[in-house]
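For reference, input_38.pdb is printed below; it contains PDB, C-alpha atoms, pLDDT in the B column.
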ATOM      1  CA  MET D  30     122.336  48.679  48.558  1.00 94.00           C
ATOM      2  CA  ASN D  31     124.069  48.882  45.193  1.00 96.00           C
ATOM      3  CA  ILE D  32     127.310  46.980  44.684  1.00 96.00           C
ATOM      4  CA  ILE D  33     130.336  48.182  42.715  1.00 97.00           C
ATOM      5  CA  VAL D  34     133.089  45.699  41.779  1.00 96.00           C
ATOM      6  CA  CYS D  35     136.081  45.673  39.434  1.00 96.00           C
ATOM      7  CA  VAL D  36     136.924  42.493  37.563  1.00 96.00           C
ATOM      8  CA  ASP D  37     139.219  41.252  34.830  1.00 96.00           C
ATOM      9  CA  LYS D  38     138.076  39.270  31.763  1.00 95.00           C
ATOM     10  CA  SER D  39     137.878  36.090  33.870  1.00 95.00           C
ATOM     11  CA  ASN D  40     135.985  37.787  36.732  1.00 95.00           C
ATOM     12  CA  GLY D  41     139.154  37.958  38.834  1.00 95.00           C
ATOM     13  CA  MET D  42     139.096  40.611  41.559  1.00 95.00           C
ATOM     14  CA  MET D  43     142.256  40.203  43.638  1.00 95.00           C
ATOM     15  CA  PHE D  44     145.554  38.375  43.715  1.00 95.00           C
ATOM     16  CA  ASN D  45     147.584  37.621  46.836  1.00 93.00           C
ATOM     17  CA  ASN D  46     145.296  39.879  48.930  1.00 89.00           C
ATOM     18  CA  ARG D  47     145.850  42.883  46.643  1.00 91.00           C
ATOM     19  CA  ARG D  48     143.708  44.528  44.003  1.00 92.00           C
ATOM     20  CA  GLN D  49     144.660  43.544  40.481  1.00 91.00           C
ATOM     21  CA  SER D  50     144.804  47.067  39.114  1.00 90.00           C
ATOM     22  CA  GLN D  51     143.617  50.619  39.665  1.00 89.00           C
ATOM     23  CA  ASP D  52     142.896  53.559  37.428  1.00 91.00           C
ATOM     24  CA  LYS D  53     142.331  57.291  38.097  1.00 92.00           C
ATOM     25  CA  GLU D  54     139.549  57.556  35.508  1.00 93.00           C
ATOM     26  CA  LEU D  55     137.750  54.596  37.054  1.00 94.00           C
ATOM     27  CA  VAL D  56     137.856  56.288  40.466  1.00 94.00           C
ATOM     28  CA  SER D  57     136.459  59.486  38.903  1.00 93.00           C
ATOM     29  CA  LYS D  58     133.625  57.502  37.270  1.00 95.00           C
ATOM     30  CA  ILE D  59     132.733  55.840  40.578  1.00 95.00           C
ATOM     31  CA  VAL D  60     132.738  59.180  42.420  1.00 93.00           C
ATOM     32  CA  GLU D  61     130.535  60.679  39.678  1.00 93.00           C
ATOM     33  CA  LEU D  62     128.195  57.671  39.685  1.00 94.00           C
ATOM     34  CA  THR D  63     127.699  57.878  43.452  1.00 94.00           C
ATOM     35  CA  SER D  64     127.601  61.673  43.809  1.00 91.00           C
ATOM     36  CA  ASN D  65     123.984  61.705  45.050  1.00 92.00           C
ATOM     37  CA  ALA D  66     124.338  58.798  47.473  1.00 93.00           C
ATOM     38  CA  ARG D  67     126.619  57.421  50.138  1.00 94.00           C
ATOM     39  CA  LEU D  68     129.618  55.381  48.973  1.00 95.00           C
ATOM     40  CA  LEU D  69     130.810  52.919  51.602  1.00 95.00           C
ATOM     41  CA  MET D  70     134.031  50.914  51.531  1.00 95.00           C
ATOM     42  CA  SER D  71     136.788  49.361  53.598  1.00 93.00           C
ATOM     43  CA  GLU D  72     139.939  51.141  54.716  1.00 92.00           C
ATOM     44  CA  TYR D  73     141.866  49.160  52.116  1.00 93.00           C
ATOM     45  CA  SER D  74     139.660  50.397  49.258  1.00 93.00           C
ATOM     46  CA  ALA D  75     139.655  53.983  50.527  1.00 93.00           C
ATOM     47  CA  GLN D  76     143.417  54.187  49.824  1.00 91.00           C
ATOM     48  CA  MET D  77     142.598  54.125  46.114  1.00 91.00           C
ATOM     49  CA  PHE D  78     140.091  56.992  46.412  1.00 89.00           C
ATOM     50  CA  GLY D  79     142.121  59.482  48.448  1.00 81.00           C
ATOM     51  CA  GLU D  80     140.258  62.359  50.077  1.00 77.00           C
ATOM     52  CA  ASN D  81     136.589  62.431  49.135  1.00 67.00           C
ATOM     53  CA  ALA D  82     133.787  63.732  51.352  1.00 63.00           C
ATOM     54  CA  THR D  83     131.186  61.326  49.976  1.00 75.00           C
ATOM     55  CA  ILE D  84     133.107  58.210  51.026  1.00 91.00           C
ATOM     56  CA  VAL D  85     132.198  56.442  54.247  1.00 92.00           C
ATOM     57  CA  VAL D  86     135.145  54.338  55.415  1.00 93.00           C
ATOM     58  CA  ASP D  87     134.218  51.539  57.785  1.00 89.00           C
ATOM     59  CA  ASN D  88     135.425  47.946  57.708  1.00 86.00           C
ATOM     60  CA  ARG D  89     131.842  46.923  58.642  1.00 89.00           C
ATOM     61  CA  PHE D  90     130.518  48.827  55.614  1.00 92.00           C
ATOM     62  CA  ILE D  91     128.310  46.027  54.298  1.00 91.00           C
ATOM     63  CA  THR D  92     126.304  45.833  57.514  1.00 90.00           C
ATOM     64  CA  GLN D  93     126.142  49.656  57.631  1.00 90.00           C
ATOM     65  CA  ALA D  94     124.778  50.039  54.074  1.00 92.00           C
ATOM     66  CA  GLN D  95     121.170  51.061  53.606  1.00 92.00           C
ATOM     67  CA  ALA D  96     118.818  51.104  50.624  1.00 93.00           C
ATOM     68  CA  GLY D  97     120.168  53.421  47.931  1.00 94.00           C
ATOM     69  CA  ASP D  98     123.754  53.344  49.242  1.00 95.00           C
ATOM     70  CA  PHE D  99     126.653  52.158  47.095  1.00 96.00           C
ATOM     71  CA  VAL D 100     129.269  49.747  48.416  1.00 96.00           C
ATOM     72  CA  PHE D 101     132.629  49.261  46.725  1.00 96.00           C
ATOM     73  CA  ILE D 102     133.741  45.667  47.200  1.00 95.00           C
ATOM     74  CA  GLU D 103     137.250  44.312  46.737  1.00 93.00           C
ATOM     75  CA  GLU D 104     138.432  42.060  49.546  1.00 88.00           C
ATOM     76  CA  THR D 105     135.112  41.299  51.252  1.00 85.00           C
ATOM     77  CA  GLU D 106     132.498  38.746  50.270  1.00 84.00           C
ATOM     78  CA  ILE D 107     129.638  39.753  48.004  1.00 83.00           C
ATOM     79  CA  PRO D 108     126.391  39.955  49.978  1.00 82.00           C
ATOM     80  CA  THR D 109     123.498  38.047  48.448  1.00 76.00           C
ATOM     81  CA  GLU D 110     120.648  39.815  50.219  1.00 80.00           C
ATOM     82  CA  GLN D 111     119.404  43.394  49.979  1.00 85.00           C
ATOM     83  CA  VAL D 112     121.323  44.037  46.756  1.00 92.00           C
ATOM     84  CA  GLU D 113     119.497  46.386  44.409  1.00 93.00           C
ATOM     85  CA  ASP D 114     121.780  47.029  41.425  1.00 96.00           C
ATOM     86  CA  ILE D 115     125.241  45.710  40.572  1.00 97.00           C
ATOM     87  CA  TYR D 116     127.827  47.848  38.772  1.00 98.00           C
ATOM     88  CA  ILE D 117     130.677  45.838  37.282  1.00 97.00           C
ATOM     89  CA  PHE D 118     133.752  47.630  35.955  1.00 97.00           C
ATOM     90  CA  ASN D 119     135.685  45.291  33.668  1.00 97.00           C
ATOM     91  CA  TRP D 120     139.386  45.859  33.005  1.00 94.00           C
ATOM     92  CA  ASN D 121     139.051  44.040  29.638  1.00 91.00           C
ATOM     93  CA  ARG D 122     142.266  42.101  30.177  1.00 92.00           C
ATOM     94  CA  ASP D 123     143.372  39.183  32.305  1.00 92.00           C
ATOM     95  CA  TYR D 124     145.439  39.485  35.460  1.00 94.00           C
ATOM     96  CA  PRO D 125     146.588  36.819  37.897  1.00 95.00           C
ATOM     97  CA  ALA D 126     143.750  36.234  40.372  1.00 95.00           C
ATOM     98  CA  ASP D 127     142.902  34.107  43.369  1.00 94.00           C
ATOM     99  CA  LYS D 128     139.664  35.885  44.366  1.00 94.00           C
ATOM    100  CA  TYR D 129     136.822  35.980  41.871  1.00 94.00           C
ATOM    101  CA  PHE D 130     133.441  37.612  41.435  1.00 94.00           C
ATOM    102  CA  ASP D 131     131.437  34.414  41.584  1.00 91.00           C
ATOM    103  CA  PHE D 132     127.978  35.890  42.108  1.00 90.00           C
ATOM    104  CA  ASP D 133     125.679  34.227  39.564  1.00 92.00           C
ATOM    105  CA  LEU D 134     123.803  37.211  38.168  1.00 93.00           C
ATOM    106  CA  LYS D 135     121.290  35.244  36.096  1.00 93.00           C
ATOM    107  CA  ALA D 136     120.474  32.719  38.825  1.00 92.00           C
ATOM    108  CA  ASN D 137     119.919  35.579  41.271  1.00 91.00           C
ATOM    109  CA  GLY D 138     117.516  37.347  38.912  1.00 93.00           C
ATOM    110  CA  TYR D 139     119.679  40.154  37.512  1.00 95.00           C
ATOM    111  CA  LYS D 140     119.499  41.467  33.978  1.00 97.00           C
ATOM    112  CA  ARG D 141     122.082  43.641  32.203  1.00 97.00           C
ATOM    113  CA  MET D 142     120.478  47.020  31.568  1.00 97.00           C
ATOM    114  CA  LYS D 143     123.343  49.101  30.244  1.00 97.00           C
ATOM    115  CA  THR D 144     126.927  48.825  29.005  1.00 98.00           C
ATOM    116  CA  ILE D 145     129.278  51.808  28.824  1.00 97.00           C
ATOM    117  CA  ASP D 146     132.858  51.759  27.483  1.00 97.00           C
ATOM    118  CA  PHE D 147     135.315  54.484  28.435  1.00 96.00           C
ATOM    119  CA  ALA D 148     139.043  55.106  28.235  1.00 95.00           C
ATOM    120  CA  GLY D 149     140.902  54.858  31.489  1.00 91.00           C
ATOM    121  CA  ASN D 150     144.161  56.438  32.516  1.00 91.00           C
ATOM    122  CA  SER D 151     146.131  53.173  32.596  1.00 89.00           C
ATOM    123  CA  HIS D 152     143.700  51.052  30.573  1.00 90.00           C
ATOM    124  CA  LYS D 153     142.724  51.779  26.980  1.00 92.00           C
ATOM    125  CA  LYS D 154     139.242  50.425  27.592  1.00 95.00           C
ATOM    126  CA  ILE D 155     137.186  49.886  30.732  1.00 96.00           C
ATOM    127  CA  THR D 156     133.621  48.609  30.457  1.00 97.00           C
ATOM    128  CA  LEU D 157     130.894  49.371  32.978  1.00 98.00           C
ATOM    129  CA  GLU D 158     127.974  46.944  33.022  1.00 98.00           C
ATOM    130  CA  ILE D 159     124.885  47.815  35.066  1.00 98.00           C
ATOM    131  CA  PHE D 160     122.682  44.963  36.254  1.00 97.00           C
ATOM    132  CA  LYS D 161     119.251  45.333  37.819  1.00 95.00           C
ATOM    133  CA  ARG D 162     117.180  42.716  39.571  1.00 90.00           C
ATOM    134  CA  ALA D 163     114.487  41.660  37.118  1.00 82.00           C
TER     135      ALA D 163
END
Please, can you express the file's structure as structure tokens?
Amino acid sequence: MNIIVCVDKSNGMMFNNRRQSQDKELVSKIVELTSNARLLMSEYSAQMFGENATIVVDNRFITQAQAGDFVFIEETEIPTEQVEDIYIFNWNRDYPADKYFDFDLKANGYKRMKTIDFAGNSHKKITLEIFKRA
């Protein structure tokens, strides 16, 4: 499976059981990125995506994911096994946070392969970093 997460500058993901931010352009990028694969997520995350035929909504999505699938993670724990690539969207600003992306990429053998900056709808700059297991 491939993991997609959104973080702030300090790797914060959520605050008080809510996502820190959302952006229409980010959602479009994720839908485009996953257009040839399944995109699995929780019911909570699906609210941000609206109606999209490629999204599989299941609160057990991590156990349902197969090789090549993408999983969008917000409120669930990051799996450490069976992860192929990791896609990190960075808001490039700090928000209050009490849940963090604390997966040690280097210690788990991942290497940054690509960085893409793009303008969001509510954020002047969003950075996508793609990590692959070395």
Exercise. Can you give me, as a VMD selection string, the residues this file yields under the PyMOL selection byres ((chain D and resi 43) around 9)?
Key: chain D and resid 36 41 to 42 44 to 50 103 to 104 124 to 129
Quiz item: Hey, what's within 12 Å of Phe130 in chain D if we count all atoms listed in the file and toss same-chain stuff fewer than 2 positions away? As a PyMOL selection string, please?
Solution: chain D and resi 32-43+102-108+115-119+126-128+132-134
Self-check item: Selected residue, from D:Leu69, D:Val85, D:Met77, D:Ala163, that lies nearest to Asn31 in chain D when counting all atoms listed in the file
Solution: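 Looking only at the distances to Asn31 in chain D, the closest residue turns out to be D:Leu69.
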Practice problem: May I have the residues within 12 Å of Thr63 in chain D as a ChimeraX atom specification, using only C-alpha atoms and disregarding those fewer than 2 positions away in the same chain? | Solution: /D:30-33,56-61,65-69,81-85,97-101,116
Exercise. For range 142-156 of chain D, list every protein, DNA or RNA residue within 9 Å, evaluated using only C-alpha atoms, and leave out those in the same chain fewer than 5 positions away; present the list as a ChimeraX atom specification.
Key: /D:51-55,117-121,161
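Here CA of Gln95 in chain D stands at a distance of 18.5 Å from CA of Phe160 in chain D.
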Self-check item: Length of the CA of Ile91 in chain D to CA of Met70 in chain D vector [Å]
Solution: 8.0 Å
Exercise. Could you please determine the separation between CA of Lys135 in chain D and CA of Tyr73 in chain D in Å, to one decimal place?
Key: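 Pair CA of Lys135 in chain D / CA of Tyr73 in chain D returns 29.6 Å.
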